[in-house]
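Q: Pasting a structure here, questions to come.
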Amino acid sequence: MKKDTIQYLDKNIAGFVVSAAIAIVSNTLLVWAKETSPALSAWMKALTSHHWISHGLFVVIVFFLLGLILSKSNLKLKTNTLTLIILLSSFSSAIGIVVWFILY
Amino acid sequence: MREAILLLHPTLAMLSVISAIWVIVETLNASPANLNRLKNAAKLVAILMFLTCLVAGYYYVNFYAPDKAIILKGSWKFAHNLIMESKEHLFFMTLILSFLLPVVASAKDIVSSKQTRTLIVSIAGLIVLSSLALEGAGSVIAMGVKMGLLQTLVK
């Protein structure tokens, strides 16, 4: 077993972890944008017949597309940093959504 | 049919949660002997959560509108305005984490690196926590419909 030295995750996998964090944060940002802009909400509804379908497709496409792009780049991130990124993005995005609907 | 779809989506989600817990157990006991099992369990999480998305999405898009109208007529308006609005968007986070899990579980250093195991357990743990929260939210929404119907009957 390796000791707790600095370890780097395979760049292909690291790319997808970063893209997941970005997709999760963009999910929350899109909620805020959609809720404040009726025009955007209407456009998303028109795009696929329901805003929720467009929203989901956007988030999933961001994840896979960014993941493919970032996994081809020379991304070098510590494994612990990636864990922190995914935990922070998930908790902050979840709080961001819930607090938004409490306040508005 | 409508009720079957309604009941199927939390069932699939719970099976996905069980698979995510399975991933955690395999990761905490990672060895060359159970790596394939770990990877297969991670793939199962992604497949089951994707199916949950399809079934839940189909219900939400096609059948939720009357439920929403009933909730908004009752005293538990927050069951839609806060709980359902949060649930329908928070789910995408759980879905992305579920897609990410098999990618991270394909790492070559799971057995040798505690940090990689921590990353896998963190992602699986987030899937479990968020899914359980969404299951709870589903119960509140069902209760919101019940409250709306009861108040309609009392009137």
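Quick note on naming: the chains in the structure tokens go A, B, ... in the order shown, residues restart at 1 in each chain, and ligands are numbered from 1 in order of appearance.
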With only C-alpha atoms considered, list every residue of chain A at most 7 Å from chain B, as an NGL selection string.

A: :A and (1-2 or 13 or 16-17 or 20 or 24 or 56 or 60 or 79-80 or 83 or 94 or 97-98 or 101-102)

Q: If you run DSSP on this backbone, which residues of chain A come out as alpha helix (DSSP H), and could you give them as a count of residues only?

A: 84

Q: One decimal, in Å: what's the spacing between CA of Ala79 (chain B) and CA of Ile141 (chain B)?

A: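 If I compute the distance from CA of Ala79 (chain B) to CA of Ile141 (chain B), I get 5.0 Å.
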